[in-house]
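J.: What follows is final20.cif; its format and atoms are mmCIF, N, CA and C atoms.
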```cif
data_protein
#
loop_
_atom_site.group_PDB
_atom_site.id
_atom_site.type_symbol
_atom_site.label_atom_id
_atom_site.label_comp_id
_atom_site.auth_asym_id
_atom_site.auth_seq_id
_atom_site.Cartn_x
_atom_site.Cartn_y
_atom_site.Cartn_z
ATOM 1 N N MET D 84 -25.656 76.844 -51.341
ATOM 2 C CA MET D 84 -26.398 75.616 -51.501
ATOM 3 C C MET D 84 -25.696 74.740 -52.542
ATOM 4 N N GLN D 85 -25.494 73.477 -52.199
ATOM 5 C CA GLN D 85 -24.830 72.555 -53.110
ATOM 6 C C GLN D 85 -25.786 72.091 -54.188
ATOM 7 N N PRO D 86 -25.239 71.921 -55.410
ATOM 8 C CA PRO D 86 -26.109 71.399 -56.467
ATOM 9 C C PRO D 86 -26.513 69.953 -56.169
ATOM 10 N N THR D 87 -27.678 69.592 -56.610
ATOM 11 C CA THR D 87 -28.176 68.230 -56.405
ATOM 12 C C THR D 87 -27.534 67.299 -57.419
ATOM 13 N N THR D 88 -27.063 66.159 -56.933
ATOM 14 C CA THR D 88 -26.509 65.146 -57.816
ATOM 15 C C THR D 88 -27.607 64.161 -58.155
ATOM 16 N N ARG D 89 -27.854 64.001 -59.434
ATOM 17 C CA ARG D 89 -28.899 63.063 -59.867
ATOM 18 C C ARG D 89 -28.227 61.879 -60.555
ATOM 19 N N ILE D 90 -28.507 60.711 -60.026
ATOM 20 C CA ILE D 90 -27.958 59.478 -60.584
ATOM 21 C C ILE D 90 -29.125 58.536 -60.854
ATOM 22 N N GLU D 91 -29.196 58.046 -62.066
ATOM 23 C CA GLU D 91 -30.211 57.056 -62.415
ATOM 24 C C GLU D 91 -29.764 55.714 -61.839
ATOM 25 N N ILE D 92 -30.534 55.171 -60.913
ATOM 26 C CA ILE D 92 -30.165 53.926 -60.239
ATOM 27 C C ILE D 92 -30.783 52.748 -60.980
ATOM 28 N N PRO D 93 -29.934 51.908 -61.571
ATOM 29 C CA PRO D 93 -30.486 50.722 -62.229
ATOM 30 C C PRO D 93 -31.021 49.736 -61.189
ATOM 31 N N PRO D 94 -31.969 48.905 -61.566
ATOM 32 C CA PRO D 94 -32.574 47.963 -60.607
ATOM 33 C C PRO D 94 -31.542 47.114 -59.859
ATOM 34 N N ARG D 95 -30.449 46.742 -60.497
ATOM 35 C CA ARG D 95 -29.448 45.895 -59.852
ATOM 36 C C ARG D 95 -28.719 46.603 -58.707
ATOM 37 N N LEU D 96 -28.825 47.943 -58.636
ATOM 38 C CA LEU D 96 -28.135 48.701 -57.584
ATOM 39 C C LEU D 96 -29.071 49.320 -56.554
ATOM 40 N N VAL D 97 -30.353 49.050 -56.645
ATOM 41 C CA VAL D 97 -31.315 49.667 -55.720
ATOM 42 C C VAL D 97 -31.027 49.267 -54.272
ATOM 43 N N THR D 98 -30.757 47.997 -54.032
ATOM 44 C CA THR D 98 -30.460 47.548 -52.666
ATOM 45 C C THR D 98 -29.189 48.205 -52.150
ATOM 46 N N LEU D 99 -28.162 48.238 -52.972
ATOM 47 C CA LEU D 99 -26.907 48.870 -52.576
ATOM 48 C C LEU D 99 -27.126 50.355 -52.284
ATOM 49 N N PHE D 100 -27.883 51.025 -53.118
ATOM 50 C CA PHE D 100 -28.189 52.445 -52.932
ATOM 51 C C PHE D 100 -28.891 52.682 -51.596
ATOM 52 N N THR D 101 -29.883 51.875 -51.304
ATOM 53 C CA THR D 101 -30.642 52.014 -50.049
ATOM 54 C C THR D 101 -29.739 51.787 -48.839
ATOM 55 N N LEU D 102 -28.917 50.742 -48.902
ATOM 56 C CA LEU D 102 -27.991 50.459 -47.800
ATOM 57 C C LEU D 102 -26.952 51.570 -47.643
ATOM 58 N N ALA D 103 -26.486 52.114 -48.761
ATOM 59 C CA ALA D 103 -25.509 53.211 -48.710
ATOM 60 C C ALA D 103 -26.110 54.445 -48.041
ATOM 61 N N GLN D 104 -27.376 54.719 -48.333
ATOM 62 C CA GLN D 104 -28.055 55.838 -47.671
ATOM 63 C C GLN D 104 -28.118 55.617 -46.161
ATOM 64 N N LEU D 105 -28.484 54.413 -45.758
ATOM 65 C CA LEU D 105 -28.556 54.094 -44.325
ATOM 66 C C LEU D 105 -27.188 54.232 -43.657
ATOM 67 N N LEU D 106 -26.155 53.684 -44.296
ATOM 68 C CA LEU D 106 -24.814 53.766 -43.715
ATOM 69 C C LEU D 106 -24.382 55.223 -43.565
ATOM 70 N N GLU D 107 -24.682 56.030 -44.553
ATOM 71 C CA GLU D 107 -24.326 57.455 -44.487
ATOM 72 C C GLU D 107 -25.039 58.129 -43.315
ATOM 73 N N ARG D 108 -26.319 57.823 -43.136
ATOM 74 C CA ARG D 108 -27.066 58.380 -41.999
ATOM 75 C C ARG D 108 -26.476 57.913 -40.672
ATOM 76 N N PHE D 109 -26.137 56.633 -40.606
ATOM 77 C CA PHE D 109 -25.545 56.088 -39.385
ATOM 78 C C PHE D 109 -24.210 56.767 -39.088
ATOM 79 N N ASP D 110 -23.402 56.995 -40.114
ATOM 80 C CA ASP D 110 -22.098 57.639 -39.914
ATOM 81 C C ASP D 110 -22.245 59.067 -39.388
ATOM 82 N N ARG D 111 -23.333 59.719 -39.724
ATOM 83 C CA ARG D 111 -23.552 61.106 -39.295
ATOM 84 C C ARG D 111 -24.259 61.204 -37.950
ATOM 85 N N SER D 112 -24.751 60.085 -37.448
ATOM 86 C CA SER D 112 -25.516 60.078 -36.208
ATOM 87 C C SER D 112 -24.617 59.714 -35.026
ATOM 88 N N SER D 113 -24.926 60.264 -33.891
ATOM 89 C CA SER D 113 -24.158 59.927 -32.688
ATOM 90 C C SER D 113 -24.871 58.867 -31.839
ATOM 91 N N THR D 114 -26.055 58.467 -32.254
ATOM 92 C CA THR D 114 -26.827 57.495 -31.476
ATOM 93 C C THR D 114 -27.221 56.301 -32.342
ATOM 94 N N VAL D 115 -26.227 55.557 -32.748
ATOM 95 C CA VAL D 115 -26.468 54.389 -33.592
ATOM 96 C C VAL D 115 -26.120 53.129 -32.812
ATOM 97 N N ASP D 116 -26.984 52.164 -32.889
ATOM 98 C CA ASP D 116 -26.733 50.876 -32.263
ATOM 99 C C ASP D 116 -25.654 50.142 -33.062
ATOM 100 N N ALA D 117 -24.638 49.648 -32.375
ATOM 101 C CA ALA D 117 -23.517 48.972 -33.035
ATOM 102 C C ALA D 117 -23.971 47.754 -33.837
ATOM 103 N N THR D 118 -24.931 47.041 -33.326
ATOM 104 C CA THR D 118 -25.432 45.860 -34.028
ATOM 105 C C THR D 118 -26.100 46.244 -35.342
ATOM 106 N N GLN D 119 -26.875 47.320 -35.321
ATOM 107 C CA GLN D 119 -27.511 47.802 -36.554
ATOM 108 C C GLN D 119 -26.448 48.239 -37.562
ATOM 109 N N TYR D 120 -25.459 48.962 -37.079
ATOM 110 C CA TYR D 120 -24.389 49.452 -37.957
ATOM 111 C C TYR D 120 -23.669 48.273 -38.610
ATOM 112 N N GLN D 121 -23.304 47.296 -37.804
ATOM 113 C CA GLN D 121 -22.605 46.118 -38.339
ATOM 114 C C GLN D 121 -23.480 45.366 -39.331
ATOM 115 N N SER D 122 -24.753 45.300 -39.069
ATOM 116 C CA SER D 122 -25.672 44.614 -39.975
ATOM 117 C C SER D 122 -25.700 45.307 -41.343
ATOM 118 N N ILE D 123 -25.786 46.615 -41.348
ATOM 119 C CA ILE D 123 -25.791 47.369 -42.607
ATOM 120 C C ILE D 123 -24.481 47.160 -43.345
ATOM 121 N N VAL D 124 -23.369 47.233 -42.631
ATOM 122 C CA VAL D 124 -22.059 47.038 -43.258
ATOM 123 C C VAL D 124 -21.952 45.646 -43.869
ATOM 124 N N GLN D 125 -22.389 44.624 -43.137
ATOM 125 C CA GLN D 125 -22.317 43.254 -43.655
ATOM 126 C C GLN D 125 -23.173 43.087 -44.913
ATOM 127 N N LYS D 126 -24.349 43.694 -44.921
ATOM 128 C CA LYS D 126 -25.212 43.614 -46.099
ATOM 129 C C LYS D 126 -24.594 44.359 -47.278
ATOM 130 N N LEU D 127 -23.967 45.479 -47.008
ATOM 131 C CA LEU D 127 -23.286 46.222 -48.074
ATOM 132 C C LEU D 127 -22.115 45.424 -48.639
ATOM 133 N N ILE D 128 -21.390 44.746 -47.784
ATOM 134 C CA ILE D 128 -20.273 43.907 -48.244
ATOM 135 C C ILE D 128 -20.783 42.843 -49.213
ATOM 136 N N VAL D 129 -21.890 42.209 -48.864
ATOM 137 C CA VAL D 129 -22.473 41.194 -49.745
ATOM 138 C C VAL D 129 -22.829 41.816 -51.096
ATOM 139 N N GLU D 130 -23.456 42.989 -51.065
ATOM 140 C CA GLU D 130 -23.844 43.657 -52.310
ATOM 141 C C GLU D 130 -22.625 44.061 -53.137
ATOM 142 N N LEU D 131 -21.611 44.611 -52.488
ATOM 143 C CA LEU D 131 -20.413 45.039 -53.220
ATOM 144 C C LEU D 131 -19.686 43.864 -53.862
ATOM 145 N N LYS D 132 -19.701 42.721 -53.196
ATOM 146 C CA LYS D 132 -19.061 41.533 -53.767
ATOM 147 C C LYS D 132 -19.889 40.947 -54.912
ATOM 148 N N ARG D 133 -21.187 41.200 -54.897
ATOM 149 C CA ARG D 133 -22.097 40.636 -55.881
ATOM 150 C C ARG D 133 -22.064 41.394 -57.213
ATOM 151 N N ILE D 134 -21.816 42.680 -57.160
ATOM 152 C CA ILE D 134 -21.925 43.496 -58.379
ATOM 153 C C ILE D 134 -20.553 43.827 -58.954
ATOM 154 N N GLU D 135 -20.564 44.173 -60.231
ATOM 155 C CA GLU D 135 -19.336 44.603 -60.887
ATOM 156 C C GLU D 135 -19.183 46.109 -60.713
ATOM 157 N N THR D 136 -17.937 46.545 -60.635
ATOM 158 C CA THR D 136 -17.671 47.974 -60.539
ATOM 159 C C THR D 136 -17.895 48.608 -61.905
ATOM 160 N N ASP D 137 -18.723 49.645 -61.927
ATOM 161 C CA ASP D 137 -18.963 50.372 -63.168
ATOM 162 C C ASP D 137 -19.098 51.854 -62.841
ATOM 163 N N GLU D 138 -19.401 52.644 -63.845
ATOM 164 C CA GLU D 138 -19.483 54.100 -63.642
ATOM 165 C C GLU D 138 -20.582 54.494 -62.655
ATOM 166 N N THR D 139 -21.702 53.788 -62.672
ATOM 167 C CA THR D 139 -22.781 54.115 -61.737
ATOM 168 C C THR D 139 -22.344 53.862 -60.304
ATOM 169 N N LEU D 140 -21.679 52.746 -60.061
ATOM 170 C CA LEU D 140 -21.175 52.467 -58.716
ATOM 171 C C LEU D 140 -20.162 53.529 -58.299
ATOM 172 N N LYS D 141 -19.286 53.915 -59.202
ATOM 173 C CA LYS D 141 -18.295 54.957 -58.889
ATOM 174 C C LYS D 141 -18.974 56.274 -58.542
ATOM 175 N N ARG D 142 -20.040 56.600 -59.264
ATOM 176 C CA ARG D 142 -20.770 57.835 -58.955
ATOM 177 C C ARG D 142 -21.454 57.742 -57.595
ATOM 178 N N LEU D 143 -21.994 56.570 -57.268
ATOM 179 C CA LEU D 143 -22.596 56.383 -55.940
ATOM 180 C C LEU D 143 -21.538 56.551 -54.850
ATOM 181 N N MET D 144 -20.348 56.034 -55.082
ATOM 182 C CA MET D 144 -19.282 56.173 -54.094
ATOM 183 C C MET D 144 -18.844 57.634 -53.956
ATOM 184 N N ASP D 145 -18.958 58.412 -55.024
ATOM 185 C CA ASP D 145 -18.655 59.842 -54.931
ATOM 186 C C ASP D 145 -19.668 60.560 -54.051
ATOM 187 N N VAL D 146 -20.915 60.100 -54.082
ATOM 188 C CA VAL D 146 -21.993 60.725 -53.309
ATOM 189 C C VAL D 146 -21.997 60.235 -51.858
ATOM 190 N N PHE D 147 -21.639 58.973 -51.652
ATOM 191 C CA PHE D 147 -21.687 58.369 -50.324
ATOM 192 C C PHE D 147 -20.269 58.004 -49.859
ATOM 193 N N PRO D 148 -19.600 58.890 -49.126
ATOM 194 C CA PRO D 148 -18.221 58.630 -48.691
ATOM 195 C C PRO D 148 -18.071 57.356 -47.860
ATOM 196 N N ALA D 149 -19.053 57.020 -47.048
ATOM 197 C CA ALA D 149 -18.953 55.804 -46.228
ATOM 198 C C ALA D 149 -18.923 54.563 -47.122
ATOM 199 N N LEU D 150 -19.702 54.568 -48.191
ATOM 200 C CA LEU D 150 -19.683 53.471 -49.157
ATOM 201 C C LEU D 150 -18.320 53.390 -49.829
ATOM 202 N N SER D 151 -17.783 54.537 -50.185
ATOM 203 C CA SER D 151 -16.471 54.582 -50.818
ATOM 204 C C SER D 151 -15.393 54.021 -49.892
ATOM 205 N N ASP D 152 -15.437 54.407 -48.619
ATOM 206 C CA ASP D 152 -14.460 53.892 -47.650
ATOM 207 C C ASP D 152 -14.569 52.379 -47.502
ATOM 208 N N LEU D 153 -15.784 51.882 -47.430
ATOM 209 C CA LEU D 153 -15.995 50.441 -47.306
ATOM 210 C C LEU D 153 -15.469 49.716 -48.549
ATOM 211 N N TYR D 154 -15.774 50.235 -49.724
ATOM 212 C CA TYR D 154 -15.288 49.640 -50.976
ATOM 213 C C TYR D 154 -13.758 49.611 -50.992
ATOM 214 N N GLU D 155 -13.159 50.709 -50.597
ATOM 215 C CA GLU D 155 -11.699 50.790 -50.588
ATOM 216 C C GLU D 155 -11.102 49.780 -49.604
ATOM 217 N N ASN D 156 -11.716 49.629 -48.460
ATOM 218 C CA ASN D 156 -11.234 48.641 -47.487
ATOM 219 C C ASN D 156 -11.362 47.216 -48.027
ATOM 220 N N LEU D 157 -12.438 46.951 -48.741
ATOM 221 C CA LEU D 157 -12.641 45.606 -49.297
ATOM 222 C C LEU D 157 -11.682 45.290 -50.442
ATOM 223 N N THR D 158 -11.285 46.310 -51.186
ATOM 224 C CA THR D 158 -10.435 46.089 -52.360
ATOM 225 C C THR D 158 -8.992 46.503 -52.118
ATOM 226 N N TYR D 159 -8.638 46.807 -50.878
ATOM 227 C CA TYR D 159 -7.301 47.330 -50.573
ATOM 228 C C TYR D 159 -6.181 46.399 -51.034
ATOM 229 N N GLU D 160 -6.347 45.116 -50.806
ATOM 230 C CA GLU D 160 -5.298 44.156 -51.161
ATOM 231 C C GLU D 160 -4.970 44.216 -52.654
ATOM 232 N N ALA D 161 -5.987 44.365 -53.481
ATOM 233 C CA ALA D 161 -5.776 44.382 -54.929
ATOM 234 C C ALA D 161 -5.549 45.789 -55.485
ATOM 235 N N ALA D 162 -6.202 46.776 -54.881
ATOM 236 C CA ALA D 162 -6.193 48.106 -55.486
ATOM 237 C C ALA D 162 -5.595 49.207 -54.611
ATOM 238 N N GLY D 163 -5.264 48.903 -53.380
ATOM 239 C CA GLY D 163 -4.736 49.946 -52.497
ATOM 240 C C GLY D 163 -5.792 50.995 -52.209
ATOM 241 N N LEU D 164 -5.337 52.204 -51.976
ATOM 242 C CA LEU D 164 -6.258 53.300 -51.677
ATOM 243 C C LEU D 164 -6.724 53.935 -52.985
ATOM 244 N N CYS D 165 -7.457 53.159 -53.762
ATOM 245 C CA CYS D 165 -7.834 53.557 -55.115
ATOM 246 C C CYS D 165 -8.832 54.708 -55.165
ATOM 247 N N ARG D 166 -9.555 54.977 -54.094
ATOM 248 C CA ARG D 166 -10.555 56.043 -54.101
ATOM 249 C C ARG D 166 -10.111 57.257 -53.299
ATOM 250 N N SER D 167 -8.951 57.167 -52.654
ATOM 251 C CA SER D 167 -8.471 58.278 -51.842
ATOM 252 C C SER D 167 -7.793 59.324 -52.707
ATOM 253 N N ASN D 168 -7.902 60.559 -52.271
ATOM 254 C CA ASN D 168 -7.242 61.658 -52.945
ATOM 255 C C ASN D 168 -5.742 61.543 -52.719
ATOM 256 N N LEU D 169 -4.984 61.348 -53.784
ATOM 257 C CA LEU D 169 -3.546 61.150 -53.675
ATOM 258 C C LEU D 169 -2.860 62.358 -53.057
ATOM 259 N N GLU D 170 -3.242 63.549 -53.454
ATOM 260 C CA GLU D 170 -2.607 64.759 -52.929
ATOM 261 C C GLU D 170 -2.795 64.862 -51.415
ATOM 262 N N ALA D 171 -3.986 64.581 -50.932
ATOM 263 C CA ALA D 171 -4.242 64.627 -49.495
ATOM 264 C C ALA D 171 -3.403 63.580 -48.770
ATOM 265 N N SER D 172 -3.262 62.397 -49.359
ATOM 266 C CA SER D 172 -2.451 61.341 -48.748
ATOM 267 C C SER D 172 -0.987 61.742 -48.673
ATOM 268 N N VAL D 173 -0.476 62.334 -49.736
ATOM 269 C CA VAL D 173 0.922 62.779 -49.772
ATOM 270 C C VAL D 173 1.151 63.876 -48.742
ATOM 271 N N GLN D 174 0.236 64.823 -48.652
ATOM 272 C CA GLN D 174 0.358 65.905 -47.676
ATOM 273 C C GLN D 174 0.319 65.372 -46.247
ATOM 274 N N SER D 175 -0.552 64.415 -45.980
ATOM 275 C CA SER D 175 -0.644 63.817 -44.644
ATOM 276 C C SER D 175 0.656 63.115 -44.282
ATOM 277 N N GLU D 176 1.209 62.383 -45.229
ATOM 278 C CA GLU D 176 2.461 61.681 -44.974
ATOM 279 C C GLU D 176 3.596 62.668 -44.710
ATOM 280 N N ALA D 177 3.678 63.740 -45.483
ATOM 281 C CA ALA D 177 4.721 64.754 -45.288
ATOM 282 C C ALA D 177 4.567 65.434 -43.931
ATOM 283 N N ALA D 178 3.347 65.734 -43.535
ATOM 284 C CA ALA D 178 3.102 66.368 -42.239
ATOM 285 C C ALA D 178 3.499 65.438 -41.098
ATOM 286 N N ALA D 179 3.153 64.165 -41.220
ATOM 287 C CA ALA D 179 3.523 63.188 -40.189
ATOM 288 C C ALA D 179 5.036 63.064 -40.087
ATOM 289 N N ARG D 180 5.697 63.021 -41.220
ATOM 290 C CA ARG D 180 7.157 62.923 -41.231
ATOM 291 C C ARG D 180 7.788 64.145 -40.544
ATOM 292 N N ALA D 181 7.264 65.341 -40.824
ATOM 293 C CA ALA D 181 7.793 66.568 -40.220
ATOM 294 C C ALA D 181 7.625 66.550 -38.701
ATOM 295 N N VAL D 182 6.470 66.084 -38.227
ATOM 296 C CA VAL D 182 6.229 66.004 -36.783
ATOM 297 C C VAL D 182 7.190 65.013 -36.137
ATOM 298 N N LEU D 183 7.381 63.875 -36.759
ATOM 299 C CA LEU D 183 8.300 62.866 -36.211
ATOM 300 C C LEU D 183 9.740 63.377 -36.181
ATOM 301 N N GLU D 184 10.168 64.071 -37.227
ATOM 302 C CA GLU D 184 11.524 64.620 -37.256
ATOM 303 C C GLU D 184 11.702 65.672 -36.169
ATOM 304 N N LYS D 185 10.697 66.515 -35.972
ATOM 305 C CA LYS D 185 10.753 67.529 -34.916
ATOM 306 C C LYS D 185 10.817 66.873 -33.542
ATOM 307 N N ALA D 186 10.022 65.839 -33.343
ATOM 308 C CA ALA D 186 10.018 65.130 -32.055
ATOM 309 C C ALA D 186 11.371 64.479 -31.794
ATOM 310 N N MET D 187 12.015 63.998 -32.807
ATOM 311 C CA MET D 187 13.326 63.341 -32.634
ATOM 312 C C MET D 187 14.399 64.349 -32.237
ATOM 313 N N ARG D 188 14.231 65.638 -32.568
ATOM 314 C CA ARG D 188 15.217 66.664 -32.233
ATOM 315 C C ARG D 188 15.020 67.226 -30.822
ATOM 316 N N LEU D 189 13.894 66.915 -30.172
ATOM 317 C CA LEU D 189 13.639 67.413 -28.826
ATOM 318 C C LEU D 189 14.616 66.755 -27.836
ATOM 319 N N PRO D 190 15.079 67.544 -26.861
ATOM 320 C CA PRO D 190 15.952 66.935 -25.848
ATOM 321 C C PRO D 190 15.195 65.887 -25.044
ATOM 322 N N ARG D 191 15.890 64.851 -24.697
ATOM 323 C CA ARG D 191 15.256 63.765 -23.926
ATOM 324 C C ARG D 191 15.422 64.042 -22.436
ATOM 325 N N ALA D 192 14.422 63.702 -21.694
ATOM 326 C CA ALA D 192 14.446 63.958 -20.247
ATOM 327 C C ALA D 192 15.168 62.861 -19.514
#
```
Please render this file's structure as C-alpha coordinates.
T.:
Amino acid sequence: MQPTTRIEIPPRLVTLFTLAQLLERFDRSSTVDATQYQSIVQKLIVELKRIETDETLKRLMDVFPALSDLYENLTYEAAGLCRSNLEASVQSEAAARAVLEKAMRLPRA
(Lines of atoms letter the chains of each structure in order from A and count residues from 1; the text may use other names and numbers.)
(Lines give C-alpha, C1' and ligand atoms only; values in the text may rest on other atoms or scores of the structure.)
Protein backbone atom coordinates (compact mmCIF):
# COMPACT_ATOMS: atom_id res chain seq x y z
CA MET A 1 0.00 0.00 0.00
CA GLN A 2 1.37 3.40 -0.99
CA PRO A 3 1.67 6.09 1.65
CA THR A 4 -0.86 8.89 1.39
CA THR A 5 0.49 12.22 0.20
CA ARG A 6 -1.01 15.11 2.10
CA ILE A 7 -0.73 18.56 0.59
CA GLU A 8 -2.30 21.64 2.12
CA ILE A 9 -4.08 23.32 -0.81
CA PRO A 10 -4.14 27.09 -0.55
CA PRO A 11 -7.35 28.79 -1.75
CA ARG A 12 -5.60 30.12 -4.88
CA LEU A 13 -4.94 26.52 -6.05
CA VAL A 14 -8.28 24.88 -5.25
CA THR A 15 -9.58 25.22 -8.83
CA LEU A 16 -6.33 23.90 -10.27
CA PHE A 17 -6.37 20.99 -7.80
CA THR A 18 -9.94 20.05 -8.73
CA LEU A 19 -9.20 20.23 -12.46
CA ALA A 20 -6.01 18.18 -11.99
CA GLN A 21 -8.02 15.47 -10.24
CA LEU A 22 -10.50 15.39 -13.13
CA LEU A 23 -7.74 15.25 -15.75
CA GLU A 24 -6.07 12.39 -13.89
CA ARG A 25 -9.36 10.46 -13.81
CA PHE A 26 -9.92 11.14 -17.50
CA ASP A 27 -6.40 9.93 -18.34
CA ARG A 28 -7.09 6.65 -16.53
CA SER A 29 -10.50 6.11 -18.12
CA SER A 30 -11.12 4.49 -21.48
CA THR A 31 -14.54 6.11 -21.93
CA VAL A 32 -13.95 9.84 -21.91
CA ASP A 33 -15.66 12.28 -24.21
CA ALA A 34 -13.05 14.20 -26.21
CA THR A 35 -14.91 17.47 -25.77
CA GLN A 36 -14.95 17.07 -21.98
CA TYR A 37 -11.25 16.21 -21.97
CA GLN A 38 -10.37 19.24 -24.08
CA SER A 39 -12.50 21.46 -21.86
CA ILE A 40 -10.64 20.33 -18.73
CA VAL A 41 -7.28 20.81 -20.43
CA GLN A 42 -8.21 24.32 -21.61
CA LYS A 43 -9.35 25.29 -18.11
CA LEU A 44 -6.14 23.90 -16.62
CA ILE A 45 -4.09 25.91 -19.12
CA VAL A 46 -5.85 29.08 -17.99
CA GLU A 47 -5.14 28.22 -14.34
CA LEU A 48 -1.49 27.34 -14.97
CA LYS A 49 -0.93 30.62 -16.79
CA ARG A 50 -2.66 32.53 -13.99
CA ILE A 51 -0.60 31.24 -11.06
CA GLU A 52 3.07 31.41 -10.19
CA THR A 53 5.10 28.24 -9.93
CA ASP A 54 5.88 27.46 -6.30
CA GLU A 55 6.58 24.46 -4.10
CA THR A 56 2.88 23.63 -3.67
CA LEU A 57 2.35 23.55 -7.43
CA LYS A 58 5.45 21.36 -7.82
CA ARG A 59 4.10 18.96 -5.21
CA LEU A 60 0.74 18.83 -7.01
CA MET A 61 2.56 18.00 -10.24
CA ASP A 62 4.38 15.18 -8.42
CA VAL A 63 1.00 13.74 -7.40
CA PHE A 64 -0.78 14.33 -10.72
CA PRO A 65 1.39 13.19 -13.68
CA ALA A 66 -1.11 14.49 -16.26
CA LEU A 67 -0.85 17.98 -14.73
CA SER A 68 2.92 17.70 -14.81
CA ASP A 69 2.89 16.70 -18.49
CA LEU A 70 0.61 19.60 -19.37
CA TYR A 71 2.81 22.06 -17.44
CA GLU A 72 5.90 20.74 -19.19
CA ASN A 73 4.25 21.10 -22.59
CA LEU A 74 3.23 24.67 -21.80
CA THR A 75 6.70 25.67 -20.59
CA TYR A 76 8.74 23.61 -23.06
CA GLU A 77 9.95 26.60 -25.07
CA ALA A 78 11.45 28.25 -21.99
CA ALA A 79 12.27 25.28 -19.78
CA GLY A 80 12.46 22.17 -21.96
CA LEU A 81 11.59 18.89 -20.30
CA CYS A 82 12.02 20.39 -16.85
CA ARG A 83 9.84 17.82 -15.05
CA SER A 84 11.02 14.70 -16.87
CA ASN A 85 13.40 12.24 -15.31
CA LEU A 86 16.73 12.92 -17.01
CA GLU A 87 18.02 9.37 -16.54
CA ALA A 88 14.93 7.87 -18.18
CA SER A 89 15.28 10.32 -21.09
CA VAL A 90 18.95 9.45 -21.58
CA GLN A 91 18.20 5.72 -21.47
CA SER A 92 15.37 6.10 -24.00
CA GLU A 93 17.62 8.02 -26.36
CA ALA A 94 20.41 5.41 -26.06
CA ALA A 95 17.94 2.58 -26.70
CA ALA A 96 16.53 4.35 -29.76
CA ARG A 97 20.02 4.96 -31.10
CA ALA A 98 20.93 1.26 -30.64
CA VAL A 99 17.80 0.14 -32.51
CA LEU A 100 18.50 2.53 -35.38
CA GLU A 101 22.13 1.40 -35.64
CA LYS A 102 21.04 -2.25 -35.68
CA ALA A 103 18.44 -1.52 -38.36
CA MET A 104 21.07 0.21 -40.51
CA ARG A 105 23.25 -2.95 -40.42
CA LEU A 106 20.44 -5.21 -41.71
CA PRO A 107 20.80 -6.31 -45.33
CA ARG A 108 18.51 -4.46 -47.68
CA ALA A 109 16.08 -6.38 -49.82
J.: What is the distance, in Å and to one decimal place, between atom N of D:Arg95 and atom CA of D:Tyr120?
T.: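 Computing it gives 23.5 Å between the two atoms.
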J.: Write out as a list in words each polymer residue whose atoms come within 12 Å of D:Gln121, counting only C-alpha atoms; drop sequence neighbours fewer than 2 positions from it.
T.: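 Counting only C-alpha atoms, the residues come to Leu102, Leu105, Leu106, Phe109, Asp110, Val115, Asp116, Ala117, Thr118, Gln119, Ile123, Val124, Gln125, Lys126, Leu127, Ile128 and Leu153 of chain D.
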J.: Now that the selection is made, can you save its residues with N, CA and C atoms as a CSV table (one decimal), in the frame of the given file?
T.:
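Wrote part_3.csv, looks like this:
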```
chain,number,residue,atom,x,y,z
D,102,LEU,N,-28.9,50.7,-48.9
D,102,LEU,CA,-28.0,50.5,-47.8
D,102,LEU,C,-27.0,51.6,-47.6
D,105,LEU,N,-28.5,54.4,-45.8
D,105,LEU,CA,-28.6,54.1,-44.3
D,105,LEU,C,-27.2,54.2,-43.7
D,106,LEU,N,-26.2,53.7,-44.3
D,106,LEU,CA,-24.8,53.8,-43.7
D,106,LEU,C,-24.4,55.2,-43.6
D,109,PHE,N,-26.1,56.6,-40.6
D,109,PHE,CA,-25.5,56.1,-39.4
D,109,PHE,C,-24.2,56.8,-39.1
D,110,ASP,N,-23.4,57.0,-40.1
D,110,ASP,CA,-22.1,57.6,-39.9
D,110,ASP,C,-22.2,59.1,-39.4
D,115,VAL,N,-26.2,55.6,-32.7
D,115,VAL,CA,-26.5,54.4,-33.6
D,115,VAL,C,-26.1,53.1,-32.8
D,116,ASP,N,-27.0,52.2,-32.9
D,116,ASP,CA,-26.7,50.9,-32.3
D,116,ASP,C,-25.7,50.1,-33.1
D,117,ALA,N,-24.6,49.6,-32.4
D,117,ALA,CA,-23.5,49.0,-33.0
D,117,ALA,C,-24.0,47.8,-33.8
D,118,THR,N,-24.9,47.0,-33.3
D,118,THR,CA,-25.4,45.9,-34.0
D,118,THR,C,-26.1,46.2,-35.3
D,119,GLN,N,-26.9,47.3,-35.3
D,119,GLN,CA,-27.5,47.8,-36.6
D,119,GLN,C,-26.4,48.2,-37.6
D,123,ILE,N,-25.8,46.6,-41.3
D,123,ILE,CA,-25.8,47.4,-42.6
D,123,ILE,C,-24.5,47.2,-43.3
D,124,VAL,N,-23.4,47.2,-42.6
D,124,VAL,CA,-22.1,47.0,-43.3
D,124,VAL,C,-22.0,45.6,-43.9
D,125,GLN,N,-22.4,44.6,-43.1
D,125,GLN,CA,-22.3,43.3,-43.7
D,125,GLN,C,-23.2,43.1,-44.9
D,126,LYS,N,-24.3,43.7,-44.9
D,126,LYS,CA,-25.2,43.6,-46.1
D,126,LYS,C,-24.6,44.4,-47.3
D,127,LEU,N,-24.0,45.5,-47.0
D,127,LEU,CA,-23.3,46.2,-48.1
D,127,LEU,C,-22.1,45.4,-48.6
D,128,ILE,N,-21.4,44.7,-47.8
D,128,ILE,CA,-20.3,43.9,-48.2
D,128,ILE,C,-20.8,42.8,-49.2
D,153,LEU,N,-15.8,51.9,-47.4
D,153,LEU,CA,-16.0,50.4,-47.3
D,153,LEU,C,-15.5,49.7,-48.5
```
J.: Distance atom C of D:Arg111-atom CA of D:Thr98, one decimal place?
T.: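 Between atom C of D:Arg111 and atom CA of D:Thr98 the gap works out to 21.0 Å.
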J.: DSSP on the backbone: which residues in chain D end up as helix (DSSP H, G or I)? Give the answer as a PyMOL selection string.
T.: chain D and resi 94-111+117-133+138-146+148-162+169-188
J.: Which value, in Å to one decimal, gives the distance between atom CA of D:Val146 and atom CA of D:Thr114?
T.: 22.6 Å
J.: Which one is closest to D:Leu131: D:Leu99, D:Glu107, D:Asp152, D:Glu184? Count only N, CA and C atoms.
T.: D:Leu99
J.: Convert the output of the PyMOL selection byres (((chain D and resi 91 and name CA) around 12) and name CA) on the shown file into explicit residues, formatted as a ChimeraX atom specification.
T.: /D:88-90,92-97,100,138-140,142-143
